[in-house]
>>> print(open('run-v3.pdb').read())   # PDB, C-alpha atoms
MODEL        1
ATOM      1  CA  MET K   1     109.729 151.628 158.512
ATOM      2  CA  ASN K   2     111.922 149.154 156.652
ATOM      3  CA  LYS K   3     110.358 145.747 156.130
ATOM      4  CA  THR K   4     113.308 143.660 155.079
ATOM      5  CA  GLY K   5     112.081 140.172 155.914
ATOM      6  CA  ARG K   6     109.061 137.940 156.399
ATOM      7  CA  LEU K   7     108.398 136.205 159.701
ATOM      8  CA  ALA K   8     106.613 132.913 160.296
ATOM      9  CA  VAL K   9     105.476 132.084 163.824
ATOM     10  CA  LEU K  10     104.451 128.559 164.780
ATOM     11  CA  GLY K  11     102.787 128.167 168.145
ATOM     12  CA  SER K  12      99.870 128.071 170.529
ATOM     13  CA  ILE K  13      96.640 130.005 170.969
ATOM     14  CA  ASN K  14      94.842 130.137 174.322
ATOM     15  CA  ALA K  15      91.991 131.902 175.995
ATOM     16  CA  ASP K  16      93.535 133.206 179.245
ATOM     17  CA  HIS K  17      91.400 133.206 182.399
ATOM     18  CA  ILE K  18      93.224 135.593 184.730
ATOM     19  CA  LEU K  19      92.554 136.044 188.454
ATOM     20  CA  ASN K  20      94.436 138.630 190.516
ATOM     21  CA  LEU K  21      95.247 137.603 194.102
ATOM     22  CA  THR K  22      97.110 139.108 197.028
ATOM     23  CA  SER K  23      99.226 135.950 197.206
ATOM     24  CA  PHE K  24      99.189 132.497 195.596
ATOM     25  CA  PRO K  25      97.132 129.840 197.444
ATOM     26  CA  ARG K  26      98.969 127.062 199.259
ATOM     27  CA  PRO K  27      97.810 123.443 198.812
ATOM     28  CA  GLY K  28      94.340 123.117 200.344
ATOM     29  CA  GLU K  29      93.917 126.881 200.744
ATOM     30  CA  THR K  30      91.129 128.990 199.222
ATOM     31  CA  VAL K  31      91.869 132.661 198.584
ATOM     32  CA  ILE K  32      89.628 135.488 197.408
ATOM     33  CA  GLY K  33      90.473 137.047 194.065
ATOM     34  CA  LYS K  34      90.376 140.799 193.436
ATOM     35  CA  GLN K  35      89.919 140.951 189.662
ATOM     36  CA  TYR K  36      88.965 138.433 186.958
ATOM     37  CA  GLN K  37      89.258 138.784 183.201
ATOM     38  CA  ILE K  38      89.342 136.673 180.050
ATOM     39  CA  ALA K  39      91.975 137.720 177.505
ATOM     40  CA  PHE K  40      93.536 136.147 174.439
ATOM     41  CA  GLY K  41      96.924 134.507 174.970
ATOM     42  CA  GLY K  42      99.110 131.503 174.235
ATOM     43  CA  LYS K  43     102.860 131.933 173.762
ATOM     44  CA  GLY K  44     102.681 131.604 169.995
ATOM     45  CA  ALA K  45      99.808 134.052 169.657
ATOM     46  CA  ASN K  46     101.381 136.517 172.090
ATOM     47  CA  GLN K  47     104.624 136.532 170.128
ATOM     48  CA  ALA K  48     102.775 136.833 166.830
ATOM     49  CA  VAL K  49     100.768 139.778 168.177
ATOM     50  CA  ALA K  50     103.931 141.455 169.486
ATOM     51  CA  ALA K  51     105.516 141.104 166.050
ATOM     52  CA  GLY K  52     102.379 142.233 164.228
ATOM     53  CA  ARG K  53     101.901 145.306 166.401
ATOM     54  CA  SER K  54     105.610 146.112 166.060
ATOM     55  CA  GLY K  55     105.249 146.198 162.277
ATOM     56  CA  ALA K  56     106.424 142.751 161.127
ATOM     57  CA  ASP K  57     105.329 141.061 157.899
ATOM     58  CA  ILE K  58     104.033 137.931 159.618
ATOM     59  CA  ALA K  59     102.109 134.706 159.069
ATOM     60  CA  PHE K  60     100.993 132.525 161.987
ATOM     61  CA  ILE K  61     100.772 128.705 161.885
ATOM     62  CA  ALA K  62      98.443 127.618 164.699
ATOM     63  CA  CYS K  63      95.150 125.924 165.607
ATOM     64  CA  VAL K  64      91.920 127.024 167.285
ATOM     65  CA  GLY K  65      88.773 125.095 168.164
ATOM     66  CA  ASP K  66      85.517 125.367 166.251
ATOM     67  CA  ASP K  67      84.043 127.457 169.041
ATOM     68  CA  ASP K  68      83.067 131.088 169.502
ATOM     69  CA  ILE K  69      86.280 132.014 171.308
ATOM     70  CA  GLY K  70      88.345 130.569 168.459
ATOM     71  CA  GLN K  71      86.458 132.652 165.920
ATOM     72  CA  ARG K  72      86.920 135.802 167.991
ATOM     73  CA  ILE K  73      90.638 135.121 168.430
ATOM     74  CA  ARG K  74      91.148 134.715 164.673
ATOM     75  CA  GLN K  75      89.372 138.005 164.095
ATOM     76  CA  GLN K  76      91.550 139.770 166.687
ATOM     77  CA  LEU K  77      94.755 138.325 165.215
ATOM     78  CA  ALA K  78      93.793 139.700 161.800
ATOM     79  CA  GLU K  79      93.242 143.124 163.364
ATOM     80  CA  ASP K  80      96.759 142.852 164.812
ATOM     81  CA  HIS K  81      98.186 142.768 161.247
ATOM     82  CA  ILE K  82      98.788 138.986 161.156
ATOM     83  CA  ASP K  83      98.189 136.694 158.171
ATOM     84  CA  ILE K  84      95.768 134.158 159.698
ATOM     85  CA  ALA K  85      95.320 131.959 156.611
ATOM     86  CA  PRO K  86      97.520 129.246 158.250
ATOM     87  CA  VAL K  87      95.454 129.300 161.486
ATOM     88  CA  GLU K  88      93.480 126.042 161.248
ATOM     89  CA  VAL K  89      90.034 125.555 162.796
ATOM     90  CA  ILE K  90      89.908 122.060 164.344
ATOM     91  CA  ALA K  91      86.455 120.446 164.169
ATOM     92  CA  GLY K  92      85.126 119.008 167.422
ATOM     93  CA  GLU K  93      87.862 120.556 169.549
ATOM     94  CA  SER K  94      87.930 123.493 171.961
ATOM     95  CA  THR K  95      90.376 126.363 171.802
ATOM     96  CA  GLY K  96      93.259 126.066 174.269
ATOM     97  CA  VAL K  97      92.812 127.452 177.785
ATOM     98  CA  ALA K  98      95.239 128.929 180.326
ATOM     99  CA  LEU K  99      94.293 129.441 183.983
ATOM    100  CA  ILE K 100      96.455 132.233 185.412
ATOM    101  CA  PHE K 101      96.920 133.555 188.943
ATOM    102  CA  VAL K 102      98.685 136.928 189.350
ATOM    103  CA  ASN K 103      99.909 138.055 192.798
ATOM    104  CA  ASP K 104     100.517 141.559 194.159
ATOM    105  CA  GLU K 105     104.147 141.488 192.990
ATOM    106  CA  GLY K 106     103.038 140.971 189.401
ATOM    107  CA  GLU K 107     104.290 137.373 189.377
ATOM    108  CA  ASN K 108     102.141 134.714 187.724
ATOM    109  CA  SER K 109     101.351 131.026 188.083
ATOM    110  CA  ILE K 110      99.858 129.300 185.013
ATOM    111  CA  ALA K 111      98.209 125.970 184.148
ATOM    112  CA  ILE K 112      97.319 125.107 180.546
ATOM    113  CA  HIS K 113      94.888 122.814 178.703
ATOM    114  CA  ALA K 114      96.175 122.356 175.149
ATOM    115  CA  GLY K 115      92.831 121.817 173.409
ATOM    116  CA  ALA K 116      93.189 122.521 169.680
ATOM    117  CA  ASN K 117      96.894 123.303 170.123
ATOM    118  CA  ALA K 118      97.532 119.555 170.341
ATOM    119  CA  ALA K 119      96.297 119.239 166.738
ATOM    120  CA  LEU K 120      99.263 121.251 165.419
ATOM    121  CA  SER K 121     100.781 118.034 164.075
ATOM    122  CA  PRO K 122     103.746 117.341 161.776
ATOM    123  CA  ALA K 123     101.166 116.709 159.040
ATOM    124  CA  LEU K 124      99.762 120.195 159.539
ATOM    125  CA  VAL K 125     103.312 121.609 159.444
ATOM    126  CA  GLU K 126     103.787 119.838 156.113
ATOM    127  CA  LYS K 127     100.523 121.344 154.846
ATOM    128  CA  GLN K 128     101.858 124.821 155.694
ATOM    129  CA  ARG K 129     105.470 124.204 154.674
ATOM    130  CA  LYS K 130     105.381 126.953 152.014
ATOM    131  CA  ILE K 131     104.883 129.493 154.796
ATOM    132  CA  VAL K 132     108.128 128.308 156.405
ATOM    133  CA  GLU K 133     109.994 127.981 153.102
ATOM    134  CA  ASN K 134     109.130 131.537 152.058
ATOM    135  CA  ALA K 135     109.938 133.133 155.428
ATOM    136  CA  ASP K 136     113.237 134.738 156.360
ATOM    137  CA  ALA K 137     112.821 133.621 159.978
ATOM    138  CA  LEU K 138     110.746 131.066 161.885
ATOM    139  CA  LEU K 139     109.922 131.772 165.546
ATOM    140  CA  MET K 140     108.702 128.890 167.734
ATOM    141  CA  GLN K 141     108.027 128.002 171.388
ATOM    142  CA  LEU K 142     107.239 124.735 173.206
ATOM    143  CA  GLU K 143     103.461 124.862 173.783
ATOM    144  CA  SER K 144     103.083 122.983 170.481
ATOM    145  CA  PRO K 145     103.882 119.254 170.035
ATOM    146  CA  LEU K 146     107.654 118.797 170.044
ATOM    147  CA  ALA K 147     107.527 116.602 166.920
ATOM    148  CA  SER K 148     105.933 119.505 165.046
ATOM    149  CA  VAL K 149     108.527 122.003 166.279
ATOM    150  CA  LEU K 150     111.241 119.630 165.038
ATOM    151  CA  ALA K 151     109.478 119.104 161.693
ATOM    152  CA  ALA K 152     109.185 122.849 161.126
ATOM    153  CA  ALA K 153     112.836 123.395 162.084
ATOM    154  CA  LYS K 154     113.895 120.788 159.510
ATOM    155  CA  VAL K 155     111.887 122.499 156.757
ATOM    156  CA  ALA K 156     113.391 125.845 157.754
ATOM    157  CA  ARG K 157     116.960 124.516 157.662
ATOM    158  CA  GLN K 158     116.407 122.986 154.202
ATOM    159  CA  HIS K 159     115.304 126.372 152.841
ATOM    160  CA  HIS K 160     117.753 128.643 154.710
ATOM    161  CA  THR K 161     115.053 130.106 156.947
ATOM    162  CA  LYS K 162     116.564 131.209 160.274
ATOM    163  CA  VAL K 163     115.209 129.218 163.240
ATOM    164  CA  ILE K 164     114.560 131.102 166.485
ATOM    165  CA  LEU K 165     113.411 129.060 169.475
ATOM    166  CA  ASN K 166     111.967 130.439 172.697
ATOM    167  CA  PRO K 167     112.264 127.209 174.775
ATOM    168  CA  ALA K 168     109.211 127.794 176.953
ATOM    169  CA  PRO K 169     107.638 126.143 178.865
ATOM    170  CA  ALA K 170     110.901 124.773 180.221
ATOM    171  CA  MET K 171     111.764 121.194 179.265
ATOM    172  CA  PRO K 172     114.792 119.150 178.192
ATOM    173  CA  LEU K 173     115.262 119.179 174.416
ATOM    174  CA  PRO K 174     116.959 116.721 172.060
ATOM    175  CA  ASP K 175     120.276 117.745 170.514
ATOM    176  CA  GLU K 176     118.710 116.997 167.125
ATOM    177  CA  LEU K 177     116.423 120.007 167.546
ATOM    178  CA  LEU K 178     119.010 122.291 169.154
ATOM    179  CA  ALA K 179     121.397 121.658 166.245
ATOM    180  CA  LEU K 180     118.791 123.179 163.900
ATOM    181  CA  VAL K 181     118.374 126.363 165.968
ATOM    182  CA  ASP K 182     120.143 129.576 164.919
ATOM    183  CA  MET K 183     119.023 131.674 167.911
ATOM    184  CA  ILE K 184     117.624 130.630 171.291
ATOM    185  CA  THR K 185     115.983 132.855 173.921
ATOM    186  CA  PRO K 186     115.615 131.025 177.264
ATOM    187  CA  ASN K 187     115.057 132.630 180.646
ATOM    188  CA  GLU K 188     117.247 131.595 183.600
ATOM    189  CA  THR K 189     115.128 128.551 184.486
ATOM    190  CA  GLU K 190     114.924 127.340 180.902
ATOM    191  CA  ALA K 191     118.647 127.874 180.408
ATOM    192  CA  GLU K 192     119.408 125.763 183.497
ATOM    193  CA  ILE K 193     117.195 122.904 182.303
ATOM    194  CA  LEU K 194     118.873 122.940 178.879
ATOM    195  CA  THR K 195     122.453 123.261 180.136
ATOM    196  CA  GLY K 196     122.645 122.132 183.768
ATOM    197  CA  VAL K 197     124.078 125.557 184.694
ATOM    198  CA  ALA K 198     122.177 127.515 187.359
ATOM    199  CA  VAL K 199     122.097 131.122 186.123
ATOM    200  CA  ALA K 200     122.555 133.478 189.081
ATOM    201  CA  SER K 201     125.180 135.840 187.640
ATOM    202  CA  ASP K 202     126.615 137.094 184.359
ATOM    203  CA  GLU K 203     129.392 134.527 184.682
ATOM    204  CA  ASP K 204     126.807 131.754 185.007
ATOM    205  CA  ALA K 205     124.956 133.101 181.969
ATOM    206  CA  ALA K 206     128.197 133.030 179.978
ATOM    207  CA  ARG K 207     128.779 129.395 180.963
ATOM    208  CA  ALA K 208     125.216 128.404 180.050
ATOM    209  CA  ALA K 209     125.540 130.209 176.729
ATOM    210  CA  SER K 210     128.770 128.315 176.031
ATOM    211  CA  VAL K 211     126.973 124.983 176.473
ATOM    212  CA  LEU K 212     124.312 126.066 173.983
ATOM    213  CA  HIS K 213     126.936 127.294 171.513
ATOM    214  CA  ASP K 214     128.565 123.854 171.740
ATOM    215  CA  LYS K 215     125.241 122.342 170.626
ATOM    216  CA  GLY K 216     125.429 124.353 167.415
ATOM    217  CA  ILE K 217     123.464 127.508 168.294
ATOM    218  CA  HIS K 218     125.092 130.716 167.048
ATOM    219  CA  SER K 219     123.144 133.341 169.034
ATOM    220  CA  VAL K 220     122.066 132.863 172.667
ATOM    221  CA  LEU K 221     119.916 135.421 174.497
ATOM    222  CA  ILE K 222     119.265 134.512 178.141
ATOM    223  CA  THR K 223     116.591 136.779 179.570
ATOM    224  CA  LEU K 224     117.346 137.814 183.154
ATOM    225  CA  GLY K 225     114.139 139.555 184.211
ATOM    226  CA  SER K 226     114.772 143.077 185.502
ATOM    227  CA  ARG K 227     118.533 142.655 184.941
ATOM    228  CA  GLY K 228     118.112 142.563 181.171
ATOM    229  CA  VAL K 229     119.486 139.983 178.730
ATOM    230  CA  TRP K 230     122.769 138.114 178.417
ATOM    231  CA  LEU K 231     123.575 138.253 174.706
ATOM    232  CA  SER K 232     126.179 135.847 173.372
ATOM    233  CA  GLU K 233     127.131 135.498 169.695
ATOM    234  CA  ALA K 234     129.633 132.820 168.714
ATOM    235  CA  GLY K 235     130.965 132.795 172.270
ATOM    236  CA  LYS K 236     131.301 136.560 172.792
ATOM    237  CA  GLY K 237     128.891 137.792 175.465
ATOM    238  CA  GLU K 238     127.597 140.942 177.133
ATOM    239  CA  ARG K 239     124.672 141.878 179.339
ATOM    240  CA  ILE K 240     122.277 144.410 177.862
ATOM    241  CA  PRO K 241     120.308 146.050 180.707
ATOM    242  CA  GLY K 242     116.550 146.427 180.539
ATOM    243  CA  PHE K 243     114.454 149.441 181.520
ATOM    244  CA  LYS K 244     113.232 150.087 185.068
ATOM    245  CA  VAL K 245     109.435 150.320 185.291
ATOM    246  CA  GLN K 246     106.769 149.547 187.889
ATOM    247  CA  ALA K 247     105.578 146.040 187.043
ATOM    248  CA  VAL K 248     101.859 145.357 187.289
ATOM    249  CA  ASP K 249     101.727 141.979 185.550
ATOM    250  CA  THR K 250     104.580 140.020 183.924
ATOM    251  CA  ILE K 251     102.293 137.855 181.761
ATOM    252  CA  ALA K 252     103.573 137.889 178.165
ATOM    253  CA  ALA K 253     106.633 140.024 178.945
ATOM    254  CA  GLY K 254     108.935 137.390 177.472
ATOM    255  CA  ASP K 255     106.590 136.839 174.530
ATOM    256  CA  THR K 256     106.498 140.565 173.818
ATOM    257  CA  PHE K 257     110.298 140.614 173.928
ATOM    258  CA  ASN K 258     110.560 137.787 171.401
ATOM    259  CA  GLY K 259     108.039 139.191 168.937
ATOM    260  CA  ALA K 260     109.503 142.692 169.048
ATOM    261  CA  LEU K 261     113.046 141.313 168.799
ATOM    262  CA  MET K 262     112.247 139.444 165.584
ATOM    263  CA  THR K 263     110.597 142.506 164.052
ATOM    264  CA  ALA K 264     113.673 144.633 164.693
ATOM    265  CA  LEU K 265     116.055 141.968 163.384
ATOM    266  CA  LEU K 266     114.049 141.509 160.183
ATOM    267  CA  GLU K 267     114.224 145.268 159.662
ATOM    268  CA  GLY K 268     117.991 144.916 159.621
ATOM    269  CA  LYS K 269     118.795 146.311 163.066
ATOM    270  CA  PRO K 270     122.017 145.023 164.704
ATOM    271  CA  LEU K 271     121.293 142.492 167.431
ATOM    272  CA  PRO K 272     122.167 144.767 170.409
ATOM    273  CA  GLN K 273     119.883 147.496 168.998
ATOM    274  CA  ALA K 274     117.134 144.938 168.366
ATOM    275  CA  VAL K 275     117.439 143.769 171.991
ATOM    276  CA  ARG K 276     117.019 147.346 173.210
ATOM    277  CA  PHE K 277     113.873 147.721 171.086
ATOM    278  CA  ALA K 278     112.541 144.431 172.490
ATOM    279  CA  HIS K 279     113.385 145.540 176.039
ATOM    280  CA  ALA K 280     111.299 148.669 175.497
ATOM    281  CA  ALA K 281     108.272 146.738 174.224
ATOM    282  CA  ALA K 282     108.490 144.301 177.157
ATOM    283  CA  ALA K 283     108.874 147.156 179.651
ATOM    284  CA  ILE K 284     105.620 148.667 178.422
ATOM    285  CA  ALA K 285     103.890 145.267 178.572
ATOM    286  CA  VAL K 286     104.672 144.661 182.257
ATOM    287  CA  THR K 287     103.005 147.954 183.221
ATOM    288  CA  ARG K 288      99.673 146.601 181.928
ATOM    289  CA  SER K 289      97.424 143.658 182.796
ATOM    290  CA  GLY K 290      96.857 140.574 180.684
ATOM    291  CA  ALA K 291      98.729 138.933 177.832
ATOM    292  CA  GLN K 292      97.790 140.380 174.446
ATOM    293  CA  PRO K 293      96.026 143.429 175.944
ATOM    294  CA  SER K 294      99.406 144.461 177.372
ATOM    295  CA  VAL K 295     101.350 144.256 174.090
ATOM    296  CA  PRO K 296     102.259 147.720 172.758
ATOM    297  CA  TRP K 297     101.972 149.019 169.194
ATOM    298  CA  ARG K 298     105.071 150.216 167.344
ATOM    299  CA  GLU K 299     104.356 153.885 167.949
ATOM    300  CA  GLU K 300     104.255 153.316 171.715
ATOM    301  CA  THR K 301     107.559 151.454 171.736
ATOM    302  CA  ASP K 302     109.292 154.085 169.603
ATOM    303  CA  ARG K 303     107.957 156.835 171.874
ATOM    304  CA  PHE K 304     109.189 154.975 174.983
ATOM    305  CA  LEU K 305     112.666 154.661 173.500
ATOM    306  CA  GLN K 306     112.755 158.348 172.642
ATOM    307  CA  GLN K 307     111.880 159.179 176.238
ATOM    308  CA  GLN K 308     114.811 157.061 177.479
ATOM    309  CA  GLU K 309     117.382 158.961 175.391
TER     310      GLU K 309
ENDMDL
END
>>> encode(input="run-v3.pdb", output="structure tokens")
Amino acid sequence: MNKTGRLAVLGSINADHILNLTSFPRPGETVIGKQYQIAFGGKGANQAVAAGRSGADIAFIACVGDDDIGQRIRQQLAEDHIDIAPVEVIAGESTGVALIFVNDEGENSIAIHAGANAALSPALVEKQRKIVENADALLMQLESPLASVLAAAKVARQHHTKVILNPAPAMPLPDELLALVDMITPNETEAEILTGVAVASDEDAARAASVLHDKGIHSVLITLGSRGVWLSEAGKGERIPGFKVQAVDTIAAGDTFNGALMTALLEGKPLPQAVRFAHAAAAIAVTRSGAQPSVPWREETDRFLQQQE
């Protein structure tokens, strides 16, 4: 395996409380769950785990509470081949929590309490700036304070570290931040919020990508669920299909895609080949329950790809 670059991930850590249901409850309705589990999650942690299990050289800038779950999460992250030295323990705060419903179609509905994630401040980014300066790429999401995401992007730009943004959860973003981003990976909903273009076809995806290119972003990857990814570089686009599998649970599918994608890119793979590798990792993830428990190891992803040839 060629390790050609170092990855920094800045993002959230949550304890996921997952309840499987036949269908989501309507307002005022009580439904009976079929299965309950607690698993480690958070978009930042999920993406870090996906990169670590895929073989990346990775450090993770994040926060946990000074509670038992935070200690156990740090230990698990280390076992997933992640440098956890930049994971801060926040005194007097609880680790972040996500409450997740999963229906029979594998769709999910999520509510989050930030907890210690809210302490990932610009000052903490400054404390860990060497991690960003020494990385070849910085991967971020939007479960951390926006001011901190912007601060980290500025440090990265100053030191020629590539900035990759997964703009989730969906929200409008300032052009100041988007101008610092080298690669962005929204899904259809996130792309529409950022561009005003509803993405229902490849043509729509191309138009949305064009808006993001105009904001200064070189590479745009719009994830299209089972249809794959619209990949656009400097205005030239194509759809790269995903793999057909029986979905059990789509939690962390996008996070797995992002972490695996960065690993492949930092190994020097061309972007279309890196997308295919990321598709494979995400395809495996959706056949399993939970966030981090569903993320495959490198050997599994390589084996899956071999089986598709």
>>> residues_around(input="run-v3.pdb", residues="Ala119 of chain K", least_positions_apart="3", cutoff="8 Å", atoms="all atoms listed in the file", output="list of chain:residue names")
K:Cys63, K:Ile90, K:Gly115, K:Ala116
>>> closest_atom_pairs(input="run-v3.pdb", of="segment 22-132 of chain K", to="segment 233-252 of chain K", cutoff="9 Å", atoms="all atoms listed in the file", output="tab-separated table")
residue	atom	partner	partner_atom	distance
K:Gly41	CA	K:Ala252	CA	8.1
K:Gly42	CA	K:Ala252	CA	8.7
K:Lys43	CA	K:Ala252	CA	7.4
K:Asn46	CA	K:Ala252	CA	6.6
K:Gln47	CA	K:Ala252	CA	8.2
K:Ile100	CA	K:Ile251	CA	8.9
K:Val102	CA	K:Asp249	CA	7.0
K:Asn103	CA	K:Asp249	CA	8.4
K:Asp104	CA	K:Val248	CA	8.0
K:Glu105	CA	K:Val248	CA	7.3
K:Gly106	CA	K:Asp249	CA	4.2
K:Glu107	CA	K:Thr250	CA	6.1
K:Asn108	CA	K:Ile251	CA	6.7
>>> residues_around(input="run-v3.pdb", residues="Glu300 of chain K", least_positions_apart="6", cutoff="12 Å", atoms="all atoms listed in the file", output="list in words")
Arg53, Ser54, Gly55, Phe277, Ala280, Ala281, Ala282, Ala283, Ile284, Ala285, Ser294, Gln306 and Gln307 of chain K
>>> residues_around(input="run-v3.pdb", residues="Val163 of chain K", least_positions_apart="4", cutoff="7 Å", atoms="only C-alpha atoms", output="PyMOL selection string")
chain K and resi 137-139+153+156+181-183
>>> write_last_selection(input="run-v3.pdb", atoms="C-alpha atoms", output="mmCIF file, in the frame of the given file")
data_model
loop_
_atom_site.group_PDB
_atom_site.id
_atom_site.type_symbol
_atom_site.label_atom_id
_atom_site.label_comp_id
_atom_site.auth_asym_id
_atom_site.auth_seq_id
_atom_site.Cartn_x
_atom_site.Cartn_y
_atom_site.Cartn_z
ATOM 1 C CA ALA K 137 112.821 133.621 159.978
ATOM 2 C CA LEU K 138 110.746 131.066 161.885
ATOM 3 C CA LEU K 139 109.922 131.772 165.546
ATOM 4 C CA ALA K 153 112.836 123.395 162.084
ATOM 5 C CA ALA K 156 113.391 125.845 157.754
ATOM 6 C CA VAL K 181 118.374 126.363 165.968
ATOM 7 C CA ASP K 182 120.143 129.576 164.919
ATOM 8 C CA MET K 183 119.023 131.674 167.911
#
>>> atom_distance(input="run-v3.pdb", atom1="atom CA of Pro272 of chain K", atom2="atom CA of Arg227 of chain K")
15.1 Å
>>> resolve_selection(input="run-v3.pdb", expression="the PyMOL selection byres ((chain K and resi 62) around 10)", output="PyMOL selection string")
chain K and resi 9-13+44-45+59-61+63-64+84-89+116-121+124-125+144
>>> write_last_selection(input="run-v3.pdb", atoms="C-alpha atoms", output="PDB file, keeping the file's coordinate frame")
ATOM      1  CA  VAL K   9     105.476 132.084 163.824  1.00  0.00           C
ATOM      2  CA  LEU K  10     104.451 128.559 164.780  1.00  0.00           C
ATOM      3  CA  GLY K  11     102.787 128.167 168.145  1.00  0.00           C
ATOM      4  CA  SER K  12      99.870 128.071 170.529  1.00  0.00           C
ATOM      5  CA  ILE K  13      96.640 130.005 170.969  1.00  0.00           C
ATOM      6  CA  GLY K  44     102.681 131.604 169.995  1.00  0.00           C
ATOM      7  CA  ALA K  45      99.808 134.052 169.657  1.00  0.00           C
ATOM      8  CA  ALA K  59     102.109 134.706 159.069  1.00  0.00           C
ATOM      9  CA  PHE K  60     100.993 132.525 161.987  1.00  0.00           C
ATOM     10  CA  ILE K  61     100.772 128.705 161.885  1.00  0.00           C
ATOM     11  CA  CYS K  63      95.150 125.924 165.607  1.00  0.00           C
ATOM     12  CA  VAL K  64      91.920 127.024 167.285  1.00  0.00           C
ATOM     13  CA  ILE K  84      95.768 134.158 159.698  1.00  0.00           C
ATOM     14  CA  ALA K  85      95.320 131.959 156.611  1.00  0.00           C
ATOM     15  CA  PRO K  86      97.520 129.246 158.250  1.00  0.00           C
ATOM     16  CA  VAL K  87      95.454 129.300 161.486  1.00  0.00           C
ATOM     17  CA  GLU K  88      93.480 126.042 161.248  1.00  0.00           C
ATOM     18  CA  VAL K  89      90.034 125.555 162.796  1.00  0.00           C
ATOM     19  CA  ALA K 116      93.189 122.521 169.680  1.00  0.00           C
ATOM     20  CA  ASN K 117      96.894 123.303 170.123  1.00  0.00           C
ATOM     21  CA  ALA K 118      97.532 119.555 170.341  1.00  0.00           C
ATOM     22  CA  ALA K 119      96.297 119.239 166.738  1.00  0.00           C
ATOM     23  CA  LEU K 120      99.263 121.251 165.419  1.00  0.00           C
ATOM     24  CA  SER K 121     100.781 118.034 164.075  1.00  0.00           C
ATOM     25  CA  LEU K 124      99.762 120.195 159.539  1.00  0.00           C
ATOM     26  CA  VAL K 125     103.312 121.609 159.444  1.00  0.00           C
ATOM     27  CA  SER K 144     103.083 122.983 170.481  1.00  0.00           C
TER      28      SER K 144
END
>>> atom_distance(input="run-v3.pdb", atom1="atom CA of Lys34 of chain K", atom2="atom CA of Thr95 of chain K")
26.0 Å
>>> closest_residue(input="run-v3.pdb", among="K:Leu165, K:Ile222, K:Ile58, K:Ala170", to="Ala135 of chain K", atoms="only C-alpha atoms")
K:Ile58
>>> atom_distance(input="run-v3.pdb", atom1="atom CA of Asp67 of chain K", atom2="atom CA of Gly259 of chain K")
26.7 Å
>>> closest_atom_pairs(input="run-v3.pdb", of="segment 149-229 of chain K", to="segment 260-264 of chain K", cutoff="12 Å", atoms="all atoms listed in the file", output="CSV")
residue,atom,partner,partner_atom,distance
K:Lys162,CA,K:Met262,CA,10.7
K:Val163,CA,K:Met262,CA,10.9
K:Ile164,CA,K:Met262,CA,8.7
K:Leu165,CA,K:Met262,CA,11.1
K:Asn166,CA,K:Met262,CA,11.5
K:Met183,CA,K:Met262,CA,10.6
K:Ile184,CA,K:Met262,CA,11.8
K:Thr185,CA,K:Leu261,CA,10.3
K:Leu221,CA,K:Leu261,CA,10.7
K:Val229,CA,K:Leu261,CA,11.9
>>> closest_residue(input="run-v3.pdb", among="K:Asp202, K:Asp255, K:Glu79, K:Glu133", to="Leu7 of chain K", atoms="all atoms listed in the file")
K:Glu133
>>> resolve_selection(input="run-v3.pdb", expression="the PyMOL selection byres ((chain K and resi 97) around 9)", output="list of chain:residue names")
K:Ile13, K:Asn14, K:Ala15, K:Asp16, K:His17, K:Gly41, K:Gly42, K:Ser94, K:Thr95, K:Gly96, K:Ala98, K:Leu99, K:Ala111, K:Ile112, K:His113, K:Ala114, K:Gly115
>>> closest_residue(input="run-v3.pdb", among="K:Ile73, K:Ala168, K:Ile18, K:Leu142", to="Val49 of chain K", atoms="only C-alpha atoms")
K:Ile73
>>> axis_aligned_box(input="run-v3.pdb", around="segment 55-60 of chain K", padding_each_side="4 Å", output="lines of an AutoDock Vina configuration file")
center_x = 103.7
center_y = 139.4
center_z = 160.1
size_x = 13.4
size_y = 21.7
size_z = 12.4
>>> residues_around(input="run-v3.pdb", residues="Val199 of chain K", least_positions_apart="4", cutoff="6 Å", atoms="all atoms listed in the file", output="PyMOL selection string")
chain K and resi 188+204-205
>>> write_last_selection(input="run-v3.pdb", atoms="C-alpha atoms", output="short mmCIF file (atom, residue, chain, number, x, y, z; two decimals), in the coordinates of the input")
data_model
loop_
_atom_site.label_atom_id
_atom_site.label_comp_id
_atom_site.auth_asym_id
_atom_site.auth_seq_id
_atom_site.Cartn_x
_atom_site.Cartn_y
_atom_site.Cartn_z
CA GLU K 188 117.25 131.60 183.60
CA ASP K 204 126.81 131.75 185.01
CA ALA K 205 124.96 133.10 181.97
#
>>> closest_residue(input="run-v3.pdb", among="K:Gln128, K:Asn258, K:Thr30, K:Thr161", to="Thr223 of chain K", atoms="all atoms listed in the file")
K:Asn258
